[in-house]
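Quick notes on the structure that follows.
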Amino acid sequence: MTFALPAAEAQALLDATLRGELPDDRGRFGPFGGRYVPETLVPAFERLEQGVREHLHDAGFQAEFQRELREWVGRPTALTHAPRLSEHWGTEVWLKREDLAHTGAHKINNAIGQALLAKRLGARRVIAETGAGQHGVASAAACARVGLPCAVYMGAVDIERQAPNVDRMKRLGADVIAVETGDKTLRAAIDEALREWVTDPAGIYYLLGSAVGAHPYPYLVRELQSVIGEEARQQMIDQAGGLPDAVFACVGGGSNAIGLFYPLLGDDIELIGVEAGGTGDGLGQNAATLATGTPGVLQGAYTMILQDADGQVQETHSISAGLDYSGVGPEHALLQATGRVTYVSANDADSLAALEELCATEGVLTALETAHAYAYAREWSSRNPGKRILIGNSGRGDKDMPTLTRYPVRSGSHGGA
Amino acid sequence: MTFALPAAEAQALLDATLRGELPDDRGRFGPFGGRYVPETLVPAFERLEQGVREHLHDAGFQAEFQRELREWVGRPTALTHAPRLSEHWGTEVWLKREDLAHTGAHKINNAIGQALLAKRLGARRVIAETGAGQHGVASAAACARVGLPCAVYMGAVDIERQAPNVDRMKRLGADVIAVETGDKTLRAAIDEALREWVTDPAGIYYLLGSAVGAHPYPYLVRELQSVIGEEARQQMIDQAGGLPDAVFACVGGGSNAIGLFYPLLGDDIELIGVEAGGTGDGLGQNAATLATGTPGVLQGAYTMILQDADGQVQETHSISAGLDYSGVGPEHALLQATGRVTYVSANDADSLAALEELCATEGVLTALETAHAYAYAREWSSRNPGKRILIGNSGRGDKDMPTLTRYPVRSGSHGGA
Amino acid sequence: MAAHERLTAAIRAANSKGQPALVPFLTAGYPEPDEFVDTLRAIAAVGDVVEVGIPFSDPMADGMTIQRSSFEALRKGVSLAWIFDELEKAGDLATPLVMMSYLNPLLAFGYDRLAERALATGVCGFIVPDLPFEESSELRAALEAKGLGLIQLVTPATPAARLRMLSDASRGFVYAVTITGITGGGSGLPDDLADYLDSVSASTELPVCAGFGIREAKDVANVGAHAAGAIVGSALVEVLERGDDPAAYLESLRS
Amino acid sequence: MAAHERLTAAIRAANSKGQPALVPFLTAGYPEPDEFVDTLRAIAAVGDVVEVGIPFSDPMADGMTIQRSSFEALRKGVSLAWIFDELEKAGDLATPLVMMSYLNPLLAFGYDRLAERALATGVCGFIVPDLPFEESSELRAALEAKGLGLIQLVTPATPAARLRMLSDASRGFVYAVTITGITGGGSGLPDDLADYLDSVSASTELPVCAGFGIREAKDVANVGAHAAGAIVGSALVEVLERGDDPAAYLESLRS
Ligand SMILES: Cc1ncc(COP(=O)(O)O)c(C=O)c1O
Ligand SMILES: Cc1ncc(COP(=O)(O)O)c(C=O)c1O
């Protein structure tokens, strides 16, 4: 189901977005967003909002943030032309290489930005949640870099399927706390982190990992991740000689997608977010929140969620832990409702096949999350030959080896193919 | 034992090095180097040498190589200031971040360069050896990128301790061939790869992973890796405001070290290569070839090697698979003999501690190989307070998790420390 | 009398007998859906106001105990519609009820329909833990149209100006969270509890009920010295979990 | 007569009897060091020239069989010095010997001392698989000073000009590798073997011995039709590995 706004309202909201006026003072992206949190957390969120307002666009903070991005994260990340994949697909394919960022995914842009903010706000320690473990690793690294202790909440199911990242977090000095409640994946981990935050809202900084949750997180994360799209836009002009016709990004909570899309909203480019189609269309078989969900309130925001008729949030399925979430960032809900961005899904099997094709043709082992963007871009390419496209290569697949080893490499698709 | 040349000869050879005249026509770096290979391989080596001469400095090849480095590998890699480590050590510490290169180590610079060369030479398939698995992963990726099938020889011992990399190679489409002969580590893997090469010297390209072996490999690998030092030199000037007083790199075969050192040889900088000190000074307890070896011929070159009085090559020990090699690149033997570069060693325990310290202070999980450079740089810093130093951060430690998880994180050293 | 005034009256009635009002919390349909009405009756016979918890898939403000009861009830098919049906069957209990629910099930149910059915089943007010005042105007309006109360929570960290605003907005009573934590933390109330509860009480004409961490008779007494009522949540759910008699447990809190 | 000429003469002598010379290869000290001299004698009684393999830790040009024998001999303490001592004890065997060794043990031993001890123990030449002609001048000089030969290997891939150069440089005989592979590959000689061996033979006055992949009498016969001798390596080591009689096996190759 797709939630659409009346045309005039959609246009007005889109214009407001382009003018940088959203979220509004109440943290709203049109009808979406807001701040639905327990009264116990209201002072913490107000302090955070105040801190964001004070520091985020402060020249001193920005200089520090940009220096960390350049010197420590390794930005700008490369823009890669994919000649062999292009040949296979019949489109001109470019990849924005967030997998080359420190710790292996776009998550670090946000993590180091918020860690610097935590430091400025005088936090004594940092907590974070993680799904695929990428945000946990990024948070652990960023906290070490700025010198703050860090605890990461992670669902027991995800701990198992992303074991390499668990070890990395610990080695980087974070406490990893297994969450055994609820669905034991990302959603439960966020709840646990929020519960922990309540115990010491002044001393703890909660470093949320995607463009989800209550205001100001969706805004804060978008601002920190927009460097992806800003770089990519300029690089396409410099390296490809012009902007792409279409841009694809995978959407879990939506942070890499909003980071890539936001700076491109004003351009004449088709923007496509790809969610996890899992094993099928039924409730519980996928994590295609925008493609199949309905509006509701989850974990602090009014947004699209996967829920039943009673408003109970549904468990999701995806082969990729980082997309396995029943909600999505509220700004994506708005971008969908206005028609500016199209949200689709790719299933487990097609995503695995796409991951393999990318390995075989370009020597890039992408994350399972990211593979969803490839799966759909491939299908889109078959309908749009000759177009120029850009894919947000949000992370690397090293962390997915425990899952991938369960699927043997299909012979014949590799080397010289 | 250190092999030293008479002062006049040393100076003459150093001058020749600085003028770019070494290796000479016979592939010699002064007394070291050469080409000690079976007659069956002589035509293959001649063809390779011819190919290197023809293509390596050809404008077309260089343009392609530089584009791949920029667009696909993600160069330039960042230069990171390490403020918290600097505070701990009392020196101003900078890191050259090869861990941010595609596939996670400097190895990719060489792998993509040689893969492009293989393509130009009309090879039908590529073989490679690997120790830590980094070169195997890099070769697998590079071969996929250029569209050549790839087989990687890897010692059975290394397959076990670098499991994550084995899976990555396979996923990137390479055949991984377990070597059960000899010491079942890197040396045996090189022998097996050479044996395979003999069976089809014209159709196979052997993509050697370090600055070792018979001419032209030490030269070829140095040329392809020198981008590290060239970038670092400029970045130090731009970011640190001047060149470092001392530069540290770990030395296995010596490719990251030569890549970093070579462009700095003419500067007034102390250059220090750090080998694997293993568990002790005895033969077989370490892999400190330059620090404790003697001249001899191993796997194609006259160089420093670890051997007994009968000329039998000794097995080595190091916690890091990538340093676990009884030989070393012949150019390092020359740089040692001329006194230009100092070679020392760091043991397993100090390297582990250094790895942990870097995690805790800067949020960078470095490779176990690389950790050796930190261990010695730390000790050096205690004797040279106030100096500015540069460390070649040759790779990331993700691949080492199976080894590292056997060593629990030492409490107290992390977060806010 | 508006429905929310029934809450105020019930609490005042208890106070007029010289004791704090007891406000037990029950996860609807826990431990067994078909015992819901009986359990509710037993609890309502002792309590002055009963808080009925609507199970939710994502109980972010609750501790382990209430989470477990919530998931268990959901697993057994409990829904808001079913709860209203059961309350309807139960008929008037004399003891006024409040519903404690996360926002999303209420949103899904529809606010107008919600207010209607609440009014028809003896539900006098709502506690919505993830709905801060700033987001609450729509729900408040729908409830007020039927005389139902939206009970506001305040905490020890709530600044004075906000405390006044929340107290003004509250209906029925003001819910004073005693610790800045989640439900079901260990017993042990903060030292400066008295000052805190006194200041909440001073901010409003309404009775103040204190909740979170109340497990024993002495907790009720402590709280009762500075507040009009004591809310008993996790501790009561644990009694149900163990299969013990909830009424007997509640009686014990009065002694 | 220089020592290397003894090799040429022994091969010619076999040929003059209408048969190819048989050049068996034995890893020194394999399978048991204390049986070395006896095994050598038994083999020398059948072979026309015997190739004695010096075990090396890094036998890069050898296949699995010879690698295994080499590691085994090393494990049991075999060294070049020990081998010379044993040869000295054995006295003159009548059959001339060549030593096959990787370069590093020879380097470690010292070239001059090497040439001296070789001359004293009936070793007439050396085959050094990892020493191509271009790197060989020092060793060659040391050997020639004592009349010892440095036997060159040629392969089917060796270009004509290089073939002439290598043939010219060789002493005793020319070693023609029959397949571009490592030792110990399966039986089966290349189709164009005859042309290849004929062209090697045409490049030199010296006898040509063919090696690699010779396992059966028919291989010896095939090779013998176009070369002066047949070198038997891995197949003989396998016989020793199985504990079979090496002399009997070698005899069988002549039938
Ligand atoms: C590589 C990668 N891509 C994408 C995602 C999805 O998150 P988001 O939608 O916030 O970018 C994750 C989450 O862990 C990830 O690790
Ligand atoms: C990260 C890293 N550093 C260093 C080395 C050692 O190799 P080299 O001395 O050739 O740089 C390796 C080898 O695998 C490696 O993986």
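Residue numbering restarts at 1 for every chain of the structure tokens, chains are lettered A, B, ... in their displayed order, and ligands are numbered from 1 as they appear.
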Problem set entry | Secondary structure check, strand (DSSP E) residues of segment 192-414 of chain A, as JSON, numbers by chain | {"A": [204, 205, 206, 246, 247, 248, 249, 250, 270, 271, 272, 273, 274, 275, 276, 277, 278, 294, 295, 296, 297, 298, 301, 302, 303, 304, 305, 341, 342, 343, 344, 345, 346, 347, 388, 389, 390, 391, 392, 393]}
Could you turn the residues from that selection into a file that holds C-alpha atoms, as a short mmCIF file (atom, residue, chain, number, x, y, z; two decimals), in the first residue's frame?
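The file below, out28.cif, is the result:
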data_model
loop_
_atom_site.label_atom_id
_atom_site.label_comp_id
_atom_site.auth_asym_id
_atom_site.auth_seq_id
_atom_site.Cartn_x
_atom_site.Cartn_y
_atom_site.Cartn_z
CA ILE A 204 24.18 9.15 28.58
CA TYR A 205 24.25 10.14 24.93
CA TYR A 206 22.11 7.86 22.78
CA ALA A 246 18.32 7.27 -11.77
CA VAL A 247 19.76 6.70 -8.32
CA PHE A 248 19.24 3.60 -6.18
CA ALA A 249 19.79 3.07 -2.47
CA CYS A 250 18.75 0.34 -0.07
CA GLU A 270 14.58 9.37 -10.66
CA LEU A 271 15.21 8.38 -7.04
CA ILE A 272 14.47 4.84 -5.98
CA GLY A 273 14.67 3.36 -2.50
CA VAL A 274 14.85 -0.41 -2.29
CA GLU A 275 13.55 -2.24 0.75
CA ALA A 276 13.89 -5.84 1.81
CA GLY A 277 11.36 -8.02 0.03
CA GLY A 278 12.38 -11.02 2.08
CA THR A 294 0.65 1.84 6.74
CA PRO A 295 1.10 4.98 8.81
CA GLY A 296 1.51 4.60 12.56
CA VAL A 297 3.70 5.44 15.50
CA LEU A 298 6.75 3.35 16.23
CA ALA A 301 7.88 8.82 15.09
CA TYR A 302 4.72 8.86 13.04
CA THR A 303 5.82 7.11 9.89
CA MET A 304 5.12 4.11 7.71
CA ILE A 305 5.29 0.89 9.66
CA VAL A 341 10.93 9.08 -4.43
CA THR A 342 9.73 5.64 -5.43
CA TYR A 343 10.07 2.81 -2.95
CA VAL A 344 10.20 -0.77 -4.12
CA SER A 345 11.56 -4.01 -2.78
CA ALA A 346 13.92 -6.78 -3.79
CA ASN A 347 13.67 -10.24 -2.34
CA ARG A 388 23.11 6.32 -16.63
CA ILE A 389 22.56 5.15 -13.07
CA LEU A 390 24.16 5.60 -9.67
CA ILE A 391 23.98 3.03 -6.88
CA GLY A 392 24.69 3.84 -3.26
CA ASN A 393 27.14 1.10 -2.30
#
Please give chain C as a tab-separated table (two decimals) with C-alpha atoms, in the first residue's frame, after it has been superposed on chain D by least squares over all Cα atoms paired in order.
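In the end it all went to selection_16.tsv:
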chain	number	residue	atom	x	y	z
C	1	MET	CA	90.02	-37.04	-18.27
C	2	ALA	CA	88.08	-34.24	-16.55
C	3	ALA	CA	85.45	-35.51	-14.15
C	4	HIS	CA	82.58	-34.34	-16.32
C	5	GLU	CA	83.98	-36.37	-19.18
C	6	ARG	CA	83.39	-39.49	-17.12
C	7	LEU	CA	79.66	-38.73	-17.38
C	8	THR	CA	79.84	-38.41	-21.14
C	9	ALA	CA	81.87	-41.57	-21.40
C	10	ALA	CA	79.51	-43.63	-19.23
C	11	ILE	CA	76.52	-42.60	-21.34
C	12	ARG	CA	78.34	-43.29	-24.59
C	13	ALA	CA	79.36	-46.68	-23.25
C	14	ALA	CA	75.73	-47.61	-22.67
C	15	ASN	CA	74.81	-46.35	-26.12
C	16	SER	CA	77.56	-48.40	-27.67
C	17	LYS	CA	75.81	-51.48	-26.30
C	18	GLY	CA	72.76	-50.37	-28.29
C	19	GLN	CA	70.77	-49.09	-25.37
C	20	PRO	CA	69.96	-45.71	-23.82
C	21	ALA	CA	71.87	-44.86	-20.68
C	22	LEU	CA	69.80	-45.21	-17.54
C	23	VAL	CA	70.20	-42.35	-15.04
C	24	PRO	CA	68.41	-43.16	-11.79
C	25	PHE	CA	67.75	-40.41	-9.24
C	26	LEU	CA	68.00	-41.03	-5.51
C	27	THR	CA	67.22	-38.60	-2.70
C	28	ALA	CA	70.27	-38.97	-0.49
C	29	GLY	CA	69.48	-40.68	2.78
C	30	TYR	CA	65.98	-41.69	1.76
C	31	PRO	CA	64.22	-43.67	3.07
C	32	GLU	CA	66.83	-44.36	5.82
C	33	PRO	CA	70.13	-42.54	6.18
C	34	ASP	CA	71.98	-45.65	7.32
C	35	GLU	CA	70.89	-47.50	4.16
C	36	PHE	CA	72.11	-44.71	1.90
C	37	VAL	CA	75.32	-46.31	0.75
C	38	ASP	CA	73.75	-49.73	0.22
C	39	THR	CA	70.88	-48.27	-1.78
C	40	LEU	CA	73.25	-46.17	-3.79
C	41	ARG	CA	75.42	-49.22	-4.56
C	42	ALA	CA	72.42	-51.25	-5.64
C	43	ILE	CA	71.23	-48.47	-7.93
C	44	ALA	CA	74.70	-47.74	-9.26
C	45	ALA	CA	75.05	-51.39	-10.20
C	46	VAL	CA	72.23	-50.98	-12.73
C	47	GLY	CA	72.44	-47.31	-13.67
C	48	ASP	CA	75.02	-45.84	-15.99
C	49	VAL	CA	75.14	-42.54	-14.15
C	50	VAL	CA	73.49	-41.92	-10.75
C	51	GLU	CA	71.90	-38.65	-9.81
C	52	VAL	CA	72.13	-38.00	-6.05
C	53	GLY	CA	69.52	-35.54	-4.77
C	54	ILE	CA	70.53	-33.20	-1.96
C	55	PRO	CA	67.49	-32.66	0.22
C	56	PHE	CA	66.33	-29.06	0.50
C	57	SER	CA	63.72	-27.36	2.60
C	58	ASP	CA	62.23	-25.56	-0.37
C	59	PRO	CA	62.16	-27.90	-3.34
C	60	MET	CA	60.16	-25.60	-5.58
C	61	ALA	CA	60.81	-27.43	-8.84
C	62	ASP	CA	59.84	-30.84	-7.50
C	63	GLY	CA	56.58	-32.71	-7.32
C	64	MET	CA	55.00	-34.28	-4.27
C	65	THR	CA	57.02	-37.50	-4.31
C	66	ILE	CA	60.46	-35.95	-4.31
C	67	GLN	CA	59.32	-33.21	-1.93
C	68	ARG	CA	58.21	-35.88	0.54
C	69	SER	CA	61.48	-37.78	0.27
C	70	SER	CA	63.41	-34.55	0.66
C	71	PHE	CA	61.58	-33.45	3.82
C	72	GLU	CA	61.91	-36.94	5.24
C	73	ALA	CA	65.65	-37.04	4.68
C	74	LEU	CA	66.06	-33.57	6.21
C	75	ARG	CA	64.04	-34.61	9.20
C	76	LYS	CA	66.45	-37.49	9.69
C	77	GLY	CA	69.41	-35.14	9.68
C	78	VAL	CA	70.75	-35.53	6.17
C	79	SER	CA	73.03	-32.68	5.06
C	80	LEU	CA	75.46	-32.08	2.24
C	81	ALA	CA	78.43	-32.57	4.55
C	82	TRP	CA	77.03	-35.87	5.76
C	83	ILE	CA	76.45	-37.00	2.17
C	84	PHE	CA	80.05	-36.33	1.23
C	85	ASP	CA	81.19	-38.22	4.32
C	86	GLU	CA	79.07	-41.21	3.34
C	87	LEU	CA	80.30	-41.13	-0.26
C	88	GLU	CA	83.82	-41.03	1.02
C	89	LYS	CA	83.21	-44.09	3.18
C	90	ALA	CA	81.58	-45.87	0.22
C	91	GLY	CA	84.74	-45.58	-1.86
C	92	ASP	CA	84.77	-45.60	-5.65
C	93	LEU	CA	81.54	-46.92	-7.15
C	94	ALA	CA	82.76	-47.10	-10.77
C	95	THR	CA	79.46	-45.47	-11.82
C	96	PRO	CA	79.92	-41.71	-12.06
C	97	LEU	CA	77.66	-39.54	-9.91
C	98	VAL	CA	75.97	-36.19	-10.44
C	99	MET	CA	74.54	-34.16	-7.62
C	100	MET	CA	71.22	-32.50	-8.00
C	101	SER	CA	70.84	-29.64	-5.52
C	102	TYR	CA	69.05	-26.34	-5.15
C	103	LEU	CA	71.49	-23.49	-4.96
C	104	ASN	CA	71.21	-22.46	-1.34
C	105	PRO	CA	72.76	-25.55	0.29
C	106	LEU	CA	75.68	-25.23	-2.16
C	107	LEU	CA	76.07	-21.53	-1.35
C	108	ALA	CA	76.06	-22.30	2.36
C	109	PHE	CA	78.62	-25.06	1.87
C	110	GLY	CA	80.95	-22.80	-0.10
C	111	TYR	CA	81.76	-23.36	-3.79
C	112	ASP	CA	85.46	-24.13	-3.49
C	113	ARG	CA	85.00	-26.62	-0.70
C	114	LEU	CA	82.12	-28.09	-2.69
C	115	ALA	CA	84.24	-28.69	-5.78
C	116	GLU	CA	87.00	-30.23	-3.75
C	117	ARG	CA	84.84	-32.68	-1.90
C	118	ALA	CA	82.88	-33.57	-5.04
C	119	LEU	CA	86.04	-34.42	-6.89
C	120	ALA	CA	87.19	-36.58	-3.98
C	121	THR	CA	83.95	-38.58	-3.82
C	122	GLY	CA	83.20	-39.48	-7.43
C	123	VAL	CA	80.76	-36.65	-8.05
C	124	CYS	CA	81.41	-35.52	-11.62
C	125	GLY	CA	78.83	-32.84	-12.12
C	126	PHE	CA	75.98	-30.78	-10.69
C	127	ILE	CA	72.40	-30.14	-11.67
C	128	VAL	CA	71.05	-27.02	-9.96
C	129	PRO	CA	67.38	-26.61	-10.83
C	130	ASP	CA	66.99	-23.05	-9.55
C	131	LEU	CA	70.18	-21.75	-11.14
C	132	PRO	CA	69.57	-20.51	-14.65
C	133	PHE	CA	72.57	-19.93	-16.88
C	134	GLU	CA	72.52	-16.16	-16.27
C	135	GLU	CA	73.21	-16.57	-12.55
C	136	SER	CA	75.64	-19.42	-12.82
C	137	SER	CA	79.07	-17.95	-13.59
C	138	GLU	CA	80.48	-18.15	-10.08
C	139	LEU	CA	79.49	-21.73	-9.45
C	140	ARG	CA	80.54	-22.73	-12.96
C	141	ALA	CA	83.96	-21.22	-12.47
C	142	ALA	CA	84.48	-23.01	-9.15
C	143	LEU	CA	83.42	-26.34	-10.67
C	144	GLU	CA	85.38	-25.98	-13.87
C	145	ALA	CA	88.51	-25.29	-11.87
C	146	LYS	CA	88.24	-28.90	-10.76
C	147	GLY	CA	87.01	-30.33	-14.03
C	148	LEU	CA	83.47	-30.76	-12.71
C	149	GLY	CA	80.48	-30.13	-14.92
C	150	LEU	CA	77.50	-27.85	-14.44
C	151	ILE	CA	74.79	-29.63	-16.35
C	152	GLN	CA	72.31	-27.36	-18.06
C	153	LEU	CA	68.63	-28.10	-18.39
C	154	VAL	CA	66.69	-27.30	-21.52
C	155	THR	CA	62.94	-27.54	-22.04
C	156	PRO	CA	60.53	-27.83	-24.95
C	157	ALA	CA	59.84	-24.10	-24.49
C	158	THR	CA	63.49	-23.11	-24.76
C	159	PRO	CA	63.96	-20.93	-27.86
C	160	ALA	CA	66.54	-22.09	-30.42
C	161	ALA	CA	69.18	-19.46	-29.64
C	162	ARG	CA	68.96	-20.16	-25.93
C	163	LEU	CA	69.12	-23.89	-26.59
C	164	ARG	CA	72.43	-23.44	-28.35
C	165	MET	CA	73.77	-21.29	-25.56
C	166	LEU	CA	72.75	-23.78	-22.87
C	167	SER	CA	74.06	-26.75	-24.82
C	168	ASP	CA	77.39	-25.00	-25.27
C	169	ALA	CA	77.56	-24.25	-21.56
C	170	SER	CA	76.64	-27.74	-20.44
C	171	ARG	CA	79.18	-30.31	-19.43
C	172	GLY	CA	78.88	-34.11	-19.17
C	173	PHE	CA	75.47	-34.20	-20.81
C	174	VAL	CA	72.52	-31.97	-21.56
C	175	TYR	CA	69.43	-32.49	-19.42
C	176	ALA	CA	66.36	-32.29	-21.62
C	177	VAL	CA	63.23	-31.73	-19.56
C	178	THR	CA	60.52	-33.55	-21.49
C	179	ILE	CA	57.51	-31.72	-20.17
C	180	THR	CA	57.08	-28.15	-19.01
C	181	GLY	CA	56.03	-29.25	-15.58
C	182	ILE	CA	57.44	-30.32	-12.29
C	183	THR	CA	58.94	-33.70	-11.45
C	184	GLY	CA	56.58	-36.54	-10.73
C	185	GLY	CA	53.78	-35.76	-13.13
C	186	GLY	CA	51.92	-38.77	-14.51
C	187	SER	CA	53.46	-40.90	-17.21
C	188	GLY	CA	52.68	-39.94	-20.75
C	189	LEU	CA	55.26	-38.12	-22.78
C	190	PRO	CA	54.35	-35.35	-25.16
C	191	ASP	CA	53.53	-36.27	-28.76
C	192	ASP	CA	56.16	-34.08	-30.28
C	193	LEU	CA	58.81	-35.58	-28.04
C	194	ALA	CA	60.80	-37.00	-30.91
C	195	ASP	CA	61.17	-33.65	-32.69
C	196	TYR	CA	62.09	-31.94	-29.46
C	197	LEU	CA	64.75	-34.46	-28.46
C	198	ASP	CA	66.12	-34.53	-31.99
C	199	SER	CA	66.55	-30.79	-31.95
C	200	VAL	CA	68.26	-30.86	-28.56
C	201	SER	CA	70.57	-33.61	-29.77
C	202	ALA	CA	71.34	-31.61	-32.89
C	203	SER	CA	72.34	-28.63	-30.78
C	204	THR	CA	75.26	-30.36	-29.05
C	205	GLU	CA	78.12	-32.80	-29.27
C	206	LEU	CA	77.23	-33.99	-25.78
C	207	PRO	CA	74.84	-36.81	-25.09
C	208	VAL	CA	71.33	-35.72	-24.20
C	209	CYS	CA	69.49	-37.30	-21.27
C	210	ALA	CA	65.75	-36.85	-21.04
C	211	GLY	CA	63.99	-36.54	-17.72
C	212	PHE	CA	60.60	-35.91	-16.10
C	213	GLY	CA	57.75	-38.37	-16.37
C	214	ILE	CA	59.72	-41.55	-17.16
C	215	ARG	CA	58.13	-44.48	-15.32
C	216	GLU	CA	58.02	-47.56	-17.53
C	217	ALA	CA	60.16	-49.55	-19.96
C	218	LYS	CA	58.23	-48.10	-22.89
C	219	ASP	CA	59.00	-44.56	-21.74
C	220	VAL	CA	62.69	-45.46	-21.69
C	221	ALA	CA	62.40	-46.97	-25.14
C	222	ASN	CA	60.51	-43.95	-26.48
C	223	VAL	CA	63.06	-41.58	-25.12
C	224	GLY	CA	65.94	-43.83	-26.08
C	225	ALA	CA	65.04	-43.61	-29.75
C	226	HIS	CA	65.86	-39.89	-29.73
C	227	ALA	CA	68.16	-39.31	-26.75
C	228	ALA	CA	71.25	-40.85	-25.27
C	229	GLY	CA	69.83	-41.44	-21.83
C	230	ALA	CA	66.71	-41.55	-19.66
C	231	ILE	CA	66.55	-40.04	-16.18
C	232	VAL	CA	64.25	-41.83	-13.73
C	233	GLY	CA	63.35	-39.76	-10.67
C	234	SER	CA	59.95	-39.78	-8.96
C	235	ALA	CA	59.11	-43.27	-10.15
C	236	LEU	CA	62.22	-44.66	-8.46
C	237	VAL	CA	61.56	-42.72	-5.26
C	238	GLU	CA	58.08	-44.25	-5.20
C	239	VAL	CA	59.66	-47.70	-5.42
C	240	LEU	CA	61.77	-46.85	-2.37
C	241	GLU	CA	58.75	-45.42	-0.63
C	242	ARG	CA	56.92	-48.70	-1.11
C	243	GLY	CA	59.96	-50.61	0.17
C	244	ASP	CA	60.36	-52.42	-3.17
C	245	ASP	CA	63.70	-53.40	-4.69
C	246	PRO	CA	65.11	-50.45	-6.65
C	247	ALA	CA	67.56	-52.56	-8.66
C	248	ALA	CA	64.81	-54.89	-9.82
C	249	TYR	CA	62.69	-51.92	-10.83
C	250	LEU	CA	65.54	-50.39	-12.79
C	251	GLU	CA	66.27	-53.70	-14.50
C	252	SER	CA	62.63	-53.81	-15.55
C	253	LEU	CA	63.03	-50.53	-17.38
C	254	ARG	CA	65.70	-52.08	-19.61
C	255	SER	CA	63.55	-55.01	-20.77
Exercise. Could you list, as a ChimeraX atom specification, every residue of chain B that has an atom within 7 Å of an atom of chain A, counting only C-alpha atoms?
Worked result: /B:70-72,74,77-80,100-102,141-142,144-145,147-149,167,171-173,359-365,401,409,414-417
Exercise. Neighbours of ligand 1 within 8 Å, counting only C-alpha atoms and all ligand atoms, as number ranges by chain?
Worked result: A: 99, 104-107, 130-135, 209-212, 250-258, 321-323, 328, 366-370, 393-397
Exercise. So which residues touch segment 112-114 of chain A within 7 Å, counting only C-alpha atoms, skipping near sequence neighbours fewer than 4 positions away, as a PyMOL selection string?
Worked result: chain A and resi 65+108+118+142+207+224
Could you dump the residues just selected with all heavy atoms as a tab-separated table (two decimals), in the first residue's frame?
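Writing done, so here's result13.tsv:
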chain	number	residue	atom	x	y	z
A	65	PHE	N	34.08	18.18	12.43
A	65	PHE	CA	33.39	17.07	11.77
A	65	PHE	C	33.99	16.82	10.39
A	65	PHE	O	34.32	15.68	10.03
A	65	PHE	CB	31.90	17.40	11.69
A	65	PHE	CG	31.06	16.38	10.96
A	65	PHE	CD1	31.13	15.03	11.27
A	65	PHE	CD2	30.18	16.78	9.94
A	65	PHE	CE1	30.35	14.10	10.59
A	65	PHE	CE2	29.40	15.84	9.27
A	65	PHE	CZ	29.49	14.50	9.59
A	108	ILE	N	29.48	5.22	9.60
A	108	ILE	CA	30.51	5.96	10.33
A	108	ILE	C	30.33	7.47	10.21
A	108	ILE	O	30.70	8.21	11.13
A	108	ILE	CB	31.91	5.51	9.84
A	108	ILE	CG1	33.00	5.95	10.80
A	108	ILE	CG2	32.17	6.00	8.43
A	108	ILE	CD1	33.04	5.20	12.09
A	118	ALA	N	28.18	14.33	21.18
A	118	ALA	CA	28.09	13.79	22.55
A	118	ALA	C	29.17	14.43	23.43
A	118	ALA	O	28.92	14.80	24.57
A	118	ALA	CB	28.24	12.28	22.53
A	142	ALA	N	34.00	5.29	16.74
A	142	ALA	CA	33.87	6.75	16.92
A	142	ALA	C	34.04	7.13	18.39
A	142	ALA	O	34.66	8.14	18.71
A	142	ALA	CB	32.52	7.22	16.39
A	207	LEU	N	23.33	7.31	20.78
A	207	LEU	CA	23.81	7.48	19.41
A	207	LEU	C	23.00	6.58	18.48
A	207	LEU	O	23.37	5.44	18.21
A	207	LEU	CB	25.30	7.11	19.38
A	207	LEU	CG	26.19	7.75	18.32
A	207	LEU	CD1	27.65	7.34	18.51
A	207	LEU	CD2	25.74	7.51	16.92
A	224	LEU	N	24.01	14.65	8.86
A	224	LEU	CA	25.35	14.04	8.94
A	224	LEU	C	25.63	13.13	7.74
A	224	LEU	O	26.78	12.96	7.34
A	224	LEU	CB	25.50	13.25	10.25
A	224	LEU	CG	25.43	14.10	11.53
A	224	LEU	CD1	25.41	13.20	12.77
A	224	LEU	CD2	26.60	15.09	11.61
